[in-house]
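Below is one structure, written out as structure tokens; comments come after it.
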Amino acid sequence: MYLEVNELTVDFHTEDGVVHAVDGLSFGIERGTTLGIVGESGSGKSVTNLAVLGLHNPETAKISGSIMFDGQQLLGAPRSTMEKLRGNKIAMIFQDPLTSLSPYHTVGAQIAEVYRKHRGVSKSVARDRAIEMLDRVGIPQPKIRVDDYPHQFSGGMRQRAMIAMALVCDPGLLIADEPTTALDVTVQAQILDLLRELQEQTGTAIILITHDLGVVAQTAHDVLVMYAGRAVERGTMPEVLREPRHPYTWGLLGSMPTLNRPVDLPLHPVRGTPPSLINVPSGCPFHPRCDYMKLLGPEVCKGERPELAPHRGHGDACYLSPSQKAELRARPAEETK
Amino acid sequence: MLRFLIRRTLAAAVILMIISAVTFLLFYAIPADPARLACGKVCPPETLAQARHNLGIDKPLMVQFVSWVVAIFVGRDYEGLGHCPAPCLGYSFVNRQPVFDTIIDRLPATLALTVGAAVIFLLFGVATGVIAALRQGKALDKIASVSSLIGASVQIYFVGTLLMYFFVYQLHVFAQPKYIPITEDPVGWFSGLLLPWIVLAIIFTANYTRMTRSTMVETLSEDYVRTARAKGMSGASVVLRFALRGTLTPIVTIFGVDLGTLIGGAIITETTFGLQGLGRLSLNAVNNSDLPLLMAVVLVAAAAIVVMNVVVDALYAVIDPRVRLS
């Protein structure tokens with residue numbers, strides 16, 4: 001595994017209590033593949049990836065477990081090591097490119113400085129590289145636009161510039177945190193295409209964080225569904241799309257509009273709201289929102305915490321037996337017909 | 001940029017004209033007669049009328065004001081005092097000296113006092129504010145907030161007098177505050193102004209510490225600061241190149257206002273330390289009903305504030321490329 005996260009736990013100590021943002025999360029990603037991490041707001045997706053980059057404030061965040069990147073333990077690594085990795089071997093792009101780019105520096109300068117920092121090249125070499133990167137991500141007239149400020153770019157161009165900045169040092173791992181959420185739908189598809197194209201060229205591993213299963217379905221090879229700081233389902237993208245196993249994943253799929261779905265059929269949103277991460281529900285954290293608790297009985301769902309099967313491959317953390325799931329899955333399928 | 005400067009300069013001229021007119025009217029609204037002061041204790045009506053005529057205050061208000069304005073641009077001839085070349089601010093009612101020369105004579109003391117102090121409180125305030133923001137909730141942060149609260153609460157005449165008593169008269173650490181032109185004696189210039197600088201800095205630093213701290217705390221949580229860290233920028237570079245840049249705008253704003261106000265009249269500071277600057281001059285002008293001098297100090301004070309405002313607005317555009325001057 002290129003990146004292997006094991007039993008990662010991130011707690012924040014706040015005045016209201018300890019927030020269990022990530023609780024015993026394990027996943028891995030190979031070079032050249034894309035892992036989609038899906039979940040609602042507050043499910044721990046972003047917190048996990050900020051932990052990979054070591055961007056949490058060590059005074060408020062208590063992190064344990066293991067993060068192995070290319071054979072190197074990142075948890076507890078000295079700051080200088082992390083600074084050499086960030087932007088160089090591991091890069092990140094964020095949700096809102098307008099606020100994520102510095103308004104005070106030109107787009108070119110922001111790209112060039114990463115290259116200078118990690119490659120120690122001269123200003124003019126870094127500038128040429130910035131122009132080359134802007135060209136690669138499809139910015140027209142890169143020689144002129146390199147001196148523009150982010151506010152002179154459109155939303156989609158800003159995200160392209162963000163991607164250029166993230167990829168300027170040919171990182172082995174790119175973490176894209178909701179890269180299309182702040183963009184228009186048409187631009188979203190362009191950005192996802194661009195990411196896929198660049199991945200084919202460079203072999204970068206991509207972690208794509210999103211709340212939108214649709215985004216992942218188009219792009220990712222593997223998918224990890226997170227709920228309340230834990231993984232509830234993992235598998236390859238076709239596996240999870242064809243045969244989703246966890247009721248939460250069913251909920252996510254059922255709340256997603258698709259083209260081949262009858263227009264008059266209502267969407268099924270997941271009822272309720274995400275749980276507090278200070279008082280995470282006992283047992284399966286999804287049980288207060290789960291429609292199938294009555295099948296198993298509350299004593300089961302509130303009892304021992306279901307674990308995601310440790311072996312690789314398609315797995316989920318639910319008490320329902322495979323036959324029960326198959327039966328339940330058949331029902332909404334009938335509804336669609 | 002050029003259009004911005006032209007427009008703002010014209011606007012500034014209008015503002016200064018209005019302020020001058022208001023000052024002029026206010027002067028005549030107060031029940032003090034400069035002619036009576038010039039005339040002496042026993043004052044027969046003829047002598048009083050003569051004094052009025054000599055001071056030029058026997059003419060209608062409008063005529064007086066217009067000739068005052070015109071004199072600034074083209075100069076003016078005074079009976080018995082001769083020609084006053086442009087920019088002419090008239091002759092003092094009290095000592096019959098050209099007001100312009102008096103202002104030029106006193107301006108360096110005020111400039112040296114305020115600019116010197118401003119450099120200290122700006123640098124020190126921003127530095128402590130940044131440190132406090134980076135050490136949120138730690139001992140250093142708490143020390144900074146307590147001391148800035150104390151600094152903001154005390155008055156110049158209190159701290160100034162106290163420090164003078166201990167450090168000048170008892171311990172002889174500082175020289176007696178006085179203004180010596182830097183061209184005459186640089187060391188004397190520095191040591192004479194050091195205590196006033198420190199006292200002004202104590203009062204003003206607090207504001208900058210608090211402002212810098214709160215804005216810095218806000219900026220540090222901005223997405224682009226996180227991006228800078230995610231790019232592998234070192235801690236110091238993140239703070240200085242990214243976060244500090246975002247905190248400059250409010251600091252420049254209050255700095256411009258403070259500097260303008262101080263140049264216009266550090267009356268209390270100058271009085272506390274016995275420095276002969278514009279502040280003392282304005283106090284004398286009011287006490288002596290010296291209209292030409294009063295008009296001149298008000299004009300300088302207003303100009304300082306107006307100019308600093310234009311400078312601040314221009315600086316916004318330099319700091320933040322999103323700001324377009326229009």
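Chain labels follow the order of the structure tokens: the first chain is A, the next B, and so on; residue numbering restarts at 1 in every chain, and ligands are counted from 1 in their shown order.
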
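Backbone DSSP over range 205-252 of chain A yields alpha helix (DSSP H) at Leu213, Gly214, Val215, Val216, Ala217, Gln218, Thr219, Met237, Pro238, Glu239, Val240, Leu241, Arg242, Pro247, Tyr248, Thr249, Trp250, Gly251 and Leu252 of chain A.
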
- [ ] Show me which bits of chain B are within 12 Å of chain A, counting only C-alpha atoms, as a PyMOL selection string.
- [x] chain B and resi 134-138+219-235+237-238+241-249+316-324

(request) Provide the CA of Ser20 in chain B to CA of Arg3 in chain B distance in Å, to one decimal place. (result)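 Taking CA of Ser20 in chain B and CA of Arg3 in chain B, their separation equals 25.9 Å.
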
Skipping near chain neighbours, those fewer than 2 positions away, what residues fall within 6 Å of Pro292 in chain B using only C-alpha atoms, listed as number ranges by chain? B: 90, 92, 290, 294-295

Mind dumping the selected residues with N, CA and C atoms as a short mmCIF file (atom, residue, chain, number, x, y, z; two decimals), in the first residue's frame?
data_model
loop_
_atom_site.label_atom_id
_atom_site.label_comp_id
_atom_site.auth_asym_id
_atom_site.auth_seq_id
_atom_site.Cartn_x
_atom_site.Cartn_y
_atom_site.Cartn_z
N GLY B 90 -0.96 85.15 7.32
CA GLY B 90 -1.19 86.35 8.12
C GLY B 90 -0.13 86.55 9.20
N SER B 92 0.60 87.17 13.36
CA SER B 92 0.00 86.90 14.67
C SER B 92 -0.53 88.18 15.28
N ASP B 290 -5.75 84.61 19.27
CA ASP B 290 -4.87 84.95 18.14
C ASP B 290 -5.42 84.29 16.88
N LEU B 294 -4.51 80.68 15.15
CA LEU B 294 -5.49 79.63 15.37
C LEU B 294 -5.92 79.01 14.03
N MET B 295 -6.22 79.89 13.06
CA MET B 295 -6.61 79.39 11.74
C MET B 295 -5.53 78.50 11.16
#

Margin query: Quick one: residues within 12 Å of Ala13 in chain B, only C-alpha atoms, excluding same-chain residues fewer than 4 positions away - as a list in words?
Written below: Ile6, Arg7, Arg8, Thr9, Met17, Ile18, Ile19, Ser20, Val69, Leu299, Ala302, Ala303, Val306 and Val307 of chain B

*Within 12 Å of Ala133 in chain B using only C-alpha atoms, minus same-chain residues under 3 positions, as a PyMOL selection string*: chain B and resi 126-130+136-142+144-145+209-221+239+243-244+247

Okay, now the selection with N, CA and C atoms, as a PDB file, in the first residue's frame?
ATOM      1  N   VAL B 126       2.402  45.751  16.733  1.00  0.00           N
ATOM      2  CA  VAL B 126       2.160  44.656  15.791  1.00  0.00           C
ATOM      3  C   VAL B 126       2.913  43.400  16.236  1.00  0.00           C
ATOM      4  N   ALA B 127       4.160  43.595  16.678  1.00  0.00           N
ATOM      5  CA  ALA B 127       4.956  42.442  17.098  1.00  0.00           C
ATOM      6  C   ALA B 127       4.302  41.732  18.284  1.00  0.00           C
ATOM      7  N   THR B 128       3.895  42.497  19.304  1.00  0.00           N
ATOM      8  CA  THR B 128       3.278  41.848  20.461  1.00  0.00           C
ATOM      9  C   THR B 128       1.938  41.227  20.090  1.00  0.00           C
ATOM     10  N   GLY B 129       1.225  41.880  19.187  1.00  0.00           N
ATOM     11  CA  GLY B 129      -0.062  41.332  18.746  1.00  0.00           C
ATOM     12  C   GLY B 129       0.111  39.996  18.042  1.00  0.00           C
ATOM     13  N   VAL B 130       1.129  39.908  17.180  1.00  0.00           N
ATOM     14  CA  VAL B 130       1.386  38.659  16.458  1.00  0.00           C
ATOM     15  C   VAL B 130       1.771  37.556  17.444  1.00  0.00           C
ATOM     16  N   GLN B 136      -2.004  32.017  21.700  1.00  0.00           N
ATOM     17  CA  GLN B 136      -3.351  32.167  22.245  1.00  0.00           C
ATOM     18  C   GLN B 136      -3.546  31.403  23.545  1.00  0.00           C
ATOM     19  N   GLY B 137      -3.979  32.125  24.574  1.00  0.00           N
ATOM     20  CA  GLY B 137      -4.311  31.476  25.826  1.00  0.00           C
ATOM     21  C   GLY B 137      -3.116  31.141  26.695  1.00  0.00           C
ATOM     22  N   LYS B 138      -1.896  31.378  26.156  1.00  0.00           N
ATOM     23  CA  LYS B 138      -0.705  31.087  26.949  1.00  0.00           C
ATOM     24  C   LYS B 138      -0.336  32.314  27.790  1.00  0.00           C
ATOM     25  N   ALA B 139       0.687  32.121  28.636  1.00  0.00           N
ATOM     26  CA  ALA B 139       1.094  33.187  29.547  1.00  0.00           C
ATOM     27  C   ALA B 139       1.409  34.483  28.792  1.00  0.00           C
ATOM     28  N   LEU B 140       2.170  34.365  27.697  1.00  0.00           N
ATOM     29  CA  LEU B 140       2.562  35.566  26.943  1.00  0.00           C
ATOM     30  C   LEU B 140       1.348  36.330  26.439  1.00  0.00           C
ATOM     31  N   ASP B 141       0.360  35.586  25.968  1.00  0.00           N
ATOM     32  CA  ASP B 141      -0.871  36.194  25.464  1.00  0.00           C
ATOM     33  C   ASP B 141      -1.565  36.948  26.579  1.00  0.00           C
ATOM     34  N   LYS B 142      -1.621  36.326  27.761  1.00  0.00           N
ATOM     35  CA  LYS B 142      -2.315  36.952  28.883  1.00  0.00           C
ATOM     36  C   LYS B 142      -1.569  38.194  29.351  1.00  0.00           C
ATOM     37  N   ALA B 144       0.254  40.054  27.522  1.00  0.00           N
ATOM     38  CA  ALA B 144       0.037  41.083  26.499  1.00  0.00           C
ATOM     39  C   ALA B 144      -1.334  41.723  26.653  1.00  0.00           C
ATOM     40  N   SER B 145      -2.380  40.907  26.938  1.00  0.00           N
ATOM     41  CA  SER B 145      -3.703  41.535  27.032  1.00  0.00           C
ATOM     42  C   SER B 145      -3.838  42.381  28.284  1.00  0.00           C
ATOM     43  N   THR B 209      -1.694  46.256  19.678  1.00  0.00           N
ATOM     44  CA  THR B 209      -1.580  44.876  20.136  1.00  0.00           C
ATOM     45  C   THR B 209      -2.926  44.187  20.026  1.00  0.00           C
ATOM     46  N   ARG B 210      -3.966  44.850  20.547  1.00  0.00           N
ATOM     47  CA  ARG B 210      -5.288  44.222  20.546  1.00  0.00           C
ATOM     48  C   ARG B 210      -5.806  44.032  19.129  1.00  0.00           C
ATOM     49  N   MET B 211      -5.643  45.084  18.323  1.00  0.00           N
ATOM     50  CA  MET B 211      -6.133  45.006  16.942  1.00  0.00           C
ATOM     51  C   MET B 211      -5.399  43.911  16.168  1.00  0.00           C
ATOM     52  N   THR B 212      -4.068  43.891  16.305  1.00  0.00           N
ATOM     53  CA  THR B 212      -3.283  42.890  15.578  1.00  0.00           C
ATOM     54  C   THR B 212      -3.644  41.494  16.050  1.00  0.00           C
ATOM     55  N   ARG B 213      -3.757  41.334  17.365  1.00  0.00           N
ATOM     56  CA  ARG B 213      -4.055  40.007  17.895  1.00  0.00           C
ATOM     57  C   ARG B 213      -5.377  39.479  17.342  1.00  0.00           C
ATOM     58  N   SER B 214      -6.427  40.304  17.462  1.00  0.00           N
ATOM     59  CA  SER B 214      -7.741  39.782  17.065  1.00  0.00           C
ATOM     60  C   SER B 214      -7.808  39.515  15.563  1.00  0.00           C
ATOM     61  N   THR B 215      -7.229  40.411  14.761  1.00  0.00           N
ATOM     62  CA  THR B 215      -7.276  40.188  13.312  1.00  0.00           C
ATOM     63  C   THR B 215      -6.418  38.990  12.931  1.00  0.00           C
ATOM     64  N   MET B 216      -5.289  38.852  13.602  1.00  0.00           N
ATOM     65  CA  MET B 216      -4.372  37.753  13.297  1.00  0.00           C
ATOM     66  C   MET B 216      -5.025  36.410  13.629  1.00  0.00           C
ATOM     67  N   VAL B 217      -5.700  36.352  14.771  1.00  0.00           N
ATOM     68  CA  VAL B 217      -6.384  35.118  15.160  1.00  0.00           C
ATOM     69  C   VAL B 217      -7.393  34.724  14.077  1.00  0.00           C
ATOM     70  N   GLU B 218      -8.115  35.745  13.592  1.00  0.00           N
ATOM     71  CA  GLU B 218      -9.087  35.517  12.536  1.00  0.00           C
ATOM     72  C   GLU B 218      -8.395  35.039  11.256  1.00  0.00           C
ATOM     73  N   THR B 219      -7.335  35.737  10.874  1.00  0.00           N
ATOM     74  CA  THR B 219      -6.659  35.411   9.613  1.00  0.00           C
ATOM     75  C   THR B 219      -6.029  34.025   9.660  1.00  0.00           C
ATOM     76  N   LEU B 220      -5.514  33.652  10.831  1.00  0.00           N
ATOM     77  CA  LEU B 220      -4.853  32.346  10.934  1.00  0.00           C
ATOM     78  C   LEU B 220      -5.823  31.203  10.654  1.00  0.00           C
ATOM     79  N   SER B 221      -7.129  31.467  10.830  1.00  0.00           N
ATOM     80  CA  SER B 221      -8.083  30.400  10.553  1.00  0.00           C
ATOM     81  C   SER B 221      -8.623  30.479   9.125  1.00  0.00           C
ATOM     82  N   VAL B 239       3.197  32.777   8.708  1.00  0.00           N
ATOM     83  CA  VAL B 239       2.758  33.904   9.536  1.00  0.00           C
ATOM     84  C   VAL B 239       3.085  35.235   8.871  1.00  0.00           C
ATOM     85  N   ALA B 243      -0.380  35.343   6.730  1.00  0.00           N
ATOM     86  CA  ALA B 243      -1.303  35.799   7.768  1.00  0.00           C
ATOM     87  C   ALA B 243      -1.142  37.293   8.044  1.00  0.00           C
ATOM     88  N   LEU B 244       0.097  37.765   8.125  1.00  0.00           N
ATOM     89  CA  LEU B 244       0.308  39.168   8.480  1.00  0.00           C
ATOM     90  C   LEU B 244      -0.251  40.089   7.398  1.00  0.00           C
ATOM     91  N   THR B 247      -3.690  40.948   7.984  1.00  0.00           N
ATOM     92  CA  THR B 247      -4.025  41.759   9.158  1.00  0.00           C
ATOM     93  C   THR B 247      -3.625  43.216   8.964  1.00  0.00           C
TER      94      THR B 247
END

Next on the checklist: Using Å and a single decimal, report how far CA of Ser66 in chain A sits from CA of His287 in chain A.
Outcome noted: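 Going from CA of His287 in chain A over to CA of Ser66 in chain A, I get 28.4 Å.
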
- [ ] Kindly give the distance, in Å, that separates CA of Ser153 in chain B and CA of Ala304 in chain B, rounded to a single decimal.
- [x]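 Between these atoms lies a distance of 25.9 Å.
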
Worksheet entry | Selected residue of minimal separation from Phe100 in chain B among B:Met1, B:Val42, B:Leu275, B:Cys88, counting only C-alpha atoms |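 Residue with the minimum atom-to-atom distance to Phe100 in chain B: B:Cys88.
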
Q.
Taking 6 positions as the minimum chain separation for residues in the same chain, which residues sit within 12 Å of Gln190 in chain A when counting only C-alpha atoms? Answer as a ChimeraX atom specification.
A. /A:137-138,155-157,159-160,179-180,183-184,196-197,215,218-219

Extract the full set of strand (DSSP E or B) residues from range 62-254 of chain A according to DSSP on the backbone, and format it as a ChimeraX atom specification. /A:62-69,72-73,86,90-93,173-177,205-210,222-227,230-236
